[in-house]
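Structure file data.txt; described as compact mmCIF, C-alpha atoms.
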# COMPACT_ATOMS: atom_id res chain seq x y z
CA MET N 113 1.72 -31.61 22.54
CA GLY N 114 5.45 -31.32 22.09
CA LYS N 115 6.01 -30.14 25.67
CA ILE N 116 3.43 -32.44 27.26
CA ALA N 117 3.77 -35.73 25.38
CA GLY N 118 6.86 -35.19 23.26
CA ILE N 119 4.79 -35.40 20.05
CA ASN N 120 5.31 -32.87 17.27
CA TRP N 121 2.53 -32.52 14.70
CA ASP N 122 2.97 -30.88 11.34
CA GLU N 123 0.56 -28.15 10.23
CA SER N 124 -1.64 -30.55 8.25
CA THR N 125 -2.14 -32.81 11.28
CA GLN N 126 -2.84 -29.80 13.51
CA ARG N 127 -5.55 -28.66 11.10
CA GLN N 128 -7.17 -32.09 11.06
CA VAL N 129 -7.16 -32.31 14.85
CA GLY N 130 -8.55 -28.76 15.08
CA GLU N 131 -11.38 -29.56 12.66
CA CYS N 132 -12.31 -32.72 14.59
CA ALA N 133 -12.34 -30.74 17.85
CA GLY N 134 -14.37 -27.92 16.31
CA VAL N 135 -11.56 -25.38 16.76
CA ASN N 136 -11.63 -22.59 14.17
CA ARG N 137 -8.09 -21.37 13.44
CA ILE N 138 -9.11 -19.10 10.55
CA SER N 139 -8.22 -15.45 11.13
CA PRO N 140 -10.89 -12.70 10.90
CA PRO N 141 -9.38 -11.26 7.68
CA ARG N 142 -9.52 -14.70 6.10
CA ILE N 143 -13.13 -15.13 7.18
CA TRP N 144 -13.94 -11.78 5.55
CA LEU N 145 -12.14 -12.76 2.33
CA ASN N 146 -13.96 -16.10 2.18
CA ARG N 147 -17.26 -14.26 2.57
CA VAL N 148 -16.40 -11.88 -0.27
CA ILE N 149 -15.48 -14.79 -2.54
CA GLN N 150 -18.62 -16.74 -1.71
CA GLU N 151 -21.22 -14.00 -1.54
CA ASP N 152 -19.96 -11.96 -4.50
CA SER N 153 -19.14 -14.99 -6.69
CA MET N 154 -15.46 -14.02 -6.96
CA MET N 155 -12.56 -16.33 -7.71
CA ASP N 156 -8.98 -16.22 -6.44
CA ALA N 157 -7.17 -16.48 -9.78
CA MET N 158 -3.87 -17.81 -8.45
CA ARG N 159 -5.43 -20.46 -6.19
CA GLN N 160 -7.91 -21.49 -8.88
CA LEU N 161 -5.13 -22.24 -11.37
CA TYR N 162 -2.67 -23.68 -8.86
CA PRO N 163 -4.70 -25.30 -6.07
CA SER N 164 -1.85 -27.53 -4.83
CA ALA N 165 0.93 -24.93 -4.71
CA ALA N 166 2.55 -24.67 -1.26
CA GLY N 167 4.64 -21.89 0.21
CA ARG N 168 3.73 -19.37 -2.47
CA TYR N 169 3.72 -16.19 -0.41
CA THR N 170 3.63 -12.55 -1.50
CA CYS N 171 4.90 -10.83 1.66
CA TRP N 172 7.57 -11.50 4.27
CA HIS N 173 8.67 -9.72 7.43
CA GLN N 174 11.69 -7.87 6.11
CA LEU N 175 13.03 -6.78 9.50
CA THR N 176 13.57 -10.39 10.60
CA ASN N 177 14.68 -11.73 7.18
CA ARG N 178 11.71 -14.09 6.87
CA ARG N 179 11.91 -14.22 3.08
CA TYR N 180 15.16 -16.14 3.17
CA CYS N 181 13.54 -19.03 5.02
CA ASN N 182 10.25 -18.51 3.15
CA GLU N 183 8.06 -17.85 6.17
CA GLY N 184 5.51 -15.39 4.87
CA ALA N 185 1.89 -14.82 3.95
CA ARG N 186 -0.08 -14.53 0.74
CA ILE N 187 -1.97 -11.30 1.24
CA ASP N 188 -2.00 -9.99 -2.33
CA TYR N 189 -4.82 -11.34 -4.47
CA THR N 190 -6.40 -10.96 -7.87
CA LEU N 191 -10.12 -11.59 -7.41
CA VAL N 192 -12.04 -12.14 -10.62
CA ASP N 193 -15.78 -12.35 -11.11
CA LYS N 194 -16.81 -15.93 -11.76
CA SER N 195 -18.56 -15.03 -15.03
CA PHE N 196 -15.36 -13.31 -16.25
CA PHE N 197 -12.94 -16.02 -15.21
CA LYS N 198 -13.18 -17.79 -18.58
CA TYR N 199 -10.93 -15.04 -19.93
CA VAL N 200 -8.16 -15.65 -17.39
CA LYS N 201 -5.24 -17.53 -18.93
CA ARG N 202 -2.37 -19.43 -17.35
CA GLY N 203 0.01 -18.29 -20.08
CA LYS N 204 2.76 -20.21 -21.85
CA VAL N 205 3.74 -21.90 -18.64
CA GLU N 206 2.92 -25.30 -17.21
CA SER N 207 3.23 -24.26 -13.59
CA LEU N 208 4.15 -21.45 -11.24
CA ARG N 209 7.62 -20.10 -11.74
CA ILE N 210 10.50 -22.26 -10.52
CA HIS N 211 14.23 -21.63 -10.41
CA PRO N 212 16.27 -23.57 -13.02
CA ALA N 213 18.60 -24.82 -10.28
CA GLY N 214 15.80 -25.65 -7.84
CA PRO N 215 13.51 -28.65 -7.29
CA ASP N 216 11.43 -29.85 -10.22
CA ASP N 217 8.13 -29.97 -8.34
CA PRO N 218 6.65 -26.44 -8.58
CA ASN N 219 4.06 -27.21 -5.90
CA SER N 220 6.61 -28.05 -3.20
CA GLU N 221 7.69 -25.83 -0.30
CA GLU N 222 11.30 -26.31 -1.38
CA SER N 223 10.62 -24.99 -4.88
CA ALA N 224 8.78 -21.95 -3.49
CA ALA N 225 11.68 -21.16 -1.13
CA CYS N 226 14.19 -21.51 -3.95
CA VAL N 227 12.43 -19.10 -6.30
CA ALA N 228 11.71 -16.62 -3.46
CA THR N 229 15.44 -16.26 -2.82
CA ALA N 230 16.58 -16.74 -6.45
CA ASN N 231 18.36 -19.90 -5.30
CA ASN N 232 20.09 -17.95 -2.50
CA GLY N 233 21.02 -15.16 -4.90
CA TYR N 234 19.28 -12.71 -2.54
CA GLN N 235 21.16 -12.54 0.72
CA PRO N 236 19.66 -11.69 4.14
CA VAL N 237 20.42 -8.34 5.72
CA SER N 238 22.97 -8.33 8.53
CA PHE N 239 21.47 -7.52 11.93
CA GLN N 240 24.56 -5.39 12.50
CA GLY N 241 23.35 -2.94 9.84
CA GLY N 242 24.47 -2.09 6.36
CA GLY N 243 21.19 -2.40 4.46
CA ILE N 244 20.02 -4.84 1.83
CA VAL N 245 22.81 -6.55 -0.08
CA GLU N 246 22.72 -5.58 -3.75
CA ALA N 247 22.19 -8.61 -6.00
CA SER N 248 23.97 -9.20 -9.30
CA GLN N 249 22.26 -8.42 -12.59
CA ASP N 250 21.87 -12.13 -13.38
CA VAL N 251 20.00 -12.63 -10.10
CA LEU N 252 17.82 -9.58 -10.68
CA ASP N 253 16.89 -10.89 -14.13
CA THR N 254 15.31 -14.02 -12.63
CA GLN N 255 12.17 -11.96 -11.90
CA PHE N 256 11.39 -11.75 -15.63
CA GLY N 257 9.65 -14.44 -17.63
CA GLU N 258 6.70 -15.27 -19.83
CA PRO N 259 3.45 -13.34 -19.28
CA HIS N 260 1.31 -15.47 -16.99
CA THR N 261 -1.18 -15.49 -14.15
CA GLY N 262 0.69 -15.97 -10.90
CA LEU N 263 3.50 -14.40 -8.91
CA ILE N 264 6.43 -12.23 -10.00
CA TYR N 265 9.33 -12.55 -7.57
CA THR N 266 10.63 -9.00 -7.52
CA PRO N 267 13.83 -8.35 -5.48
CA PRO N 268 13.75 -7.67 -1.71
CA SER N 269 15.27 -4.25 -2.39
CA PHE N 270 12.03 -3.24 -4.13
CA SER N 271 9.63 -4.07 -1.30
CA ASP N 272 8.69 -6.62 1.34
CA HIS N 273 5.92 -7.61 -1.10
CA ILE N 274 6.29 -9.16 -4.53
CA ALA N 275 4.14 -8.50 -7.57
CA ILE N 276 1.18 -10.56 -8.74
CA SER N 277 0.07 -10.87 -12.35
CA LEU N 278 -3.10 -11.62 -14.26
CA LEU N 279 -3.10 -12.63 -17.93
CA LEU N 280 -6.33 -12.09 -19.86
CA ASP N 281 -7.41 -13.45 -23.21
CA ASP N 282 -7.82 -10.90 -26.00
CA GLU N 283 -11.38 -12.09 -26.46
CA CYS N 284 -12.42 -10.10 -23.40
CA LEU N 285 -11.77 -6.91 -25.39
CA THR N 286 -14.66 -5.63 -27.49
CA PRO N 287 -13.33 -4.54 -30.90
CA SER N 288 -16.20 -2.09 -31.37
CA LEU N 289 -15.47 -0.31 -28.10
CA ALA N 290 -15.31 3.43 -28.76
CA LEU N 291 -15.20 6.50 -26.56
CA ASP N 292 -18.10 8.89 -27.05
CA LYS N 293 -16.52 12.29 -26.40
CA SER N 294 -19.87 14.04 -26.54
CA ASP N 295 -21.29 11.92 -23.75
CA SER N 296 -22.01 14.08 -20.67
CA PRO N 297 -20.63 11.61 -18.05
CA THR N 298 -17.49 11.23 -20.17
CA ARG N 299 -16.92 15.01 -20.27
CA LYS N 300 -17.41 15.28 -16.51
CA ALA N 301 -14.84 12.53 -15.98
CA GLN N 302 -12.28 14.43 -18.08
CA PRO N 303 -12.14 18.02 -16.77
CA HIS N 304 -8.60 18.38 -18.07
CA LYS N 305 -9.93 18.34 -21.64
CA SER N 306 -11.46 21.80 -21.21
CA GLN N 307 -8.07 23.29 -20.31
CA LYS N 308 -6.20 24.04 -23.54
CA THR N 309 -2.71 24.73 -22.20
CA ILE N 310 -0.96 25.01 -18.86
CA ALA N 311 -0.21 28.66 -19.68
CA SER N 312 -3.91 29.47 -20.04
CA PHE N 313 -4.53 27.92 -16.65
CA PHE N 314 -2.07 30.24 -14.90
CA ALA N 315 -3.21 33.23 -16.98
CA ALA N 316 -6.79 32.70 -15.80
CA ALA N 317 -5.63 32.45 -12.21
CA SER N 318 -3.57 35.64 -12.53
CA SER N 319 -6.51 37.56 -14.04
CA THR N 320 -8.81 36.48 -11.23
CA SER N 321 -6.24 37.54 -8.65
CA LYS N 322 -5.89 41.04 -10.19
CA LYS N 323 -9.67 41.57 -10.22
CA HIS N 324 -9.87 40.58 -6.61
CA ASN N 325 -7.11 42.95 -5.60
CA SER N 326 -8.60 45.91 -7.47
CA SER N 327 -12.05 45.42 -5.96
CA SER N 328 -10.88 44.95 -2.40
CA SER N 329 -8.15 47.57 -2.11
CA GLY N 330 -10.45 50.64 -2.42
CA PRO N 331 -9.52 53.98 -4.11
CA ARG N 332 -5.90 54.61 -4.81
CA PHE N 333 -4.10 57.96 -4.44
CA ARG N 334 -1.00 58.98 -6.25
CA MET N 335 1.65 60.37 -3.99
CA GLY N 336 3.61 63.42 -5.14
CA LYS N 337 7.09 64.42 -4.09
CA PRO N 338 7.35 65.26 -0.41
CA ALA N 339 7.91 68.93 0.42
CA LYS N 340 11.47 69.96 1.00
CA GLN N 341 12.18 70.29 4.68
CA GLU N 342 14.35 73.22 5.87
CA SER N 343 17.14 72.42 8.21
CA GLY N 344 18.94 74.22 11.00
CA ILE N 345 17.89 77.65 12.38
CA LYS N 346 15.86 78.49 9.24
CA ARG N 347 13.44 75.67 10.06
CA PHE N 348 12.73 77.28 13.44
CA PHE N 349 11.75 80.68 11.90
CA VAL N 350 9.83 79.29 8.91
CA GLN N 351 7.23 77.42 10.95
CA PRO N 352 6.01 80.33 13.13
CA SER N 353 5.98 82.65 10.10
CA SER N 354 3.65 80.34 8.12
CA SER N 355 1.28 79.91 11.08
CA SER N 356 1.10 83.73 11.68
CA ASN N 357 0.18 84.31 8.01
CA LYS N 358 -2.75 81.96 8.35
CA LYS N 359 -4.05 83.91 11.39
CA GLY N 360 -3.79 87.19 9.53
CA LYS N 361 -5.84 85.92 6.58
CA LYS N 362 -8.66 84.85 8.89
Written as structure tokens, that's how I'd like the structure from this file.
Amino acid sequence: MGKIAGINWDESTQRQVGECAGVNRISPPRIWLNRVIQEDSMMDAMRQLYPSAAGRYTCWHQLTNRRYCNEGARIDYTLVDKSFFKYVKRGKVESLRIHPAGPDDPNSEESAACVATANNGYQPVSFQGGGIVEASQDVLDTQFGEPHTGLIYTPPSFSDHIAISLLLDDECLTPSLALDKSDSPTRKAQPHKSQKTIASFFAAASSTSKKHNSSSSGPRFRMGKPAKQESGIKRFFVQPSSSSNKKGKK
């Protein structure tokens, strides 16, 4: 519409127009994820707790420095069974993480962009080369905070993805939970328990190797010292003499 009529629509308006026209702009991976959530009764923990949060991405195209303008995608999820979701906790936070120097509204695009870049503490990589610019310790420390369910904005030097977190209530743990070491499935799942030490492992392998070598090599013969060879003219006369003696004995 911008080229034809000079009208520029924001994303929300484009979605509304697309829905009215029956145009489906949802990608195949998103369709698959929606089906998993609906058919398996799963819940997207982050979206369930923060339904109005905008611009909260978990991955950016690092080659083109997309993180620094916060143009990314949220492709890292924590899916929780609906019956288990009662144990998911927000934590001692009122909202998703924001930067102290950024906007106050945690659901805004501006706030998401500010925390993604640590308020411009993370600098984009030069297209001339040189690698990722190392941030100061104070900037790196902004990734840490209270345990919560949400996003952990790890530095760009770690990955083009950031971490996601899930906080569970202690009530989901059964105090009487105990491991039955005599249980057959448990023993099969822990084959390392039958190996006492690493030394015994290599000793067993060495013993097996020796048995294999002795059975496959056949009989062995001990070699004595080789006979002394005569040299020079004496060697010429010794050989015929020994052969003539053998003929005489016959």
Arg209 of chain N: which residues within 9 Å, counting all atoms listed in the file, same-chain residues fewer than 2 positions away excluded, as a list in words? Val205, Glu206, Ser207, His211, Pro218, Ser223, Ala224, Val227, Gly257, Gly262, Leu263, Ile264 and Tyr265 of chain N
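When atom CA of Cys181 of chain N is paired with atom CA of Cys226 of chain N, their separation reads 9.3 Å.
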With a distance cut-off of 9 Å and all atoms listed in the file, select the neighbouring residues of Val237 of chain N, excluding the residue or stretch itself and same-chain residues fewer than 6 positions from it, and output the selection as a count of residues only. 7
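Interatomic distance, atom CA of Ser271 of chain N to atom CA of Gln160 of chain N: 25.9 Å.
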Min atom-atom distance to Leu278 of chain N from the set N:Gly242, N:Pro141, N:Gly203, N:Gly184, counting only C-alpha atoms, belongs to N:Gly203
Extending 5 Å beyond the listed atoms of segment 214-224 of chain N on each side, what axis-aligned box results? I want centre and edge lengths in Å to one decimal, as AutoDock Vina command-line options.
--center_x 9.9 --center_y -26.0 --center_z -5.3 --size_x 21.7 --size_y 18.0 --size_z 19.9
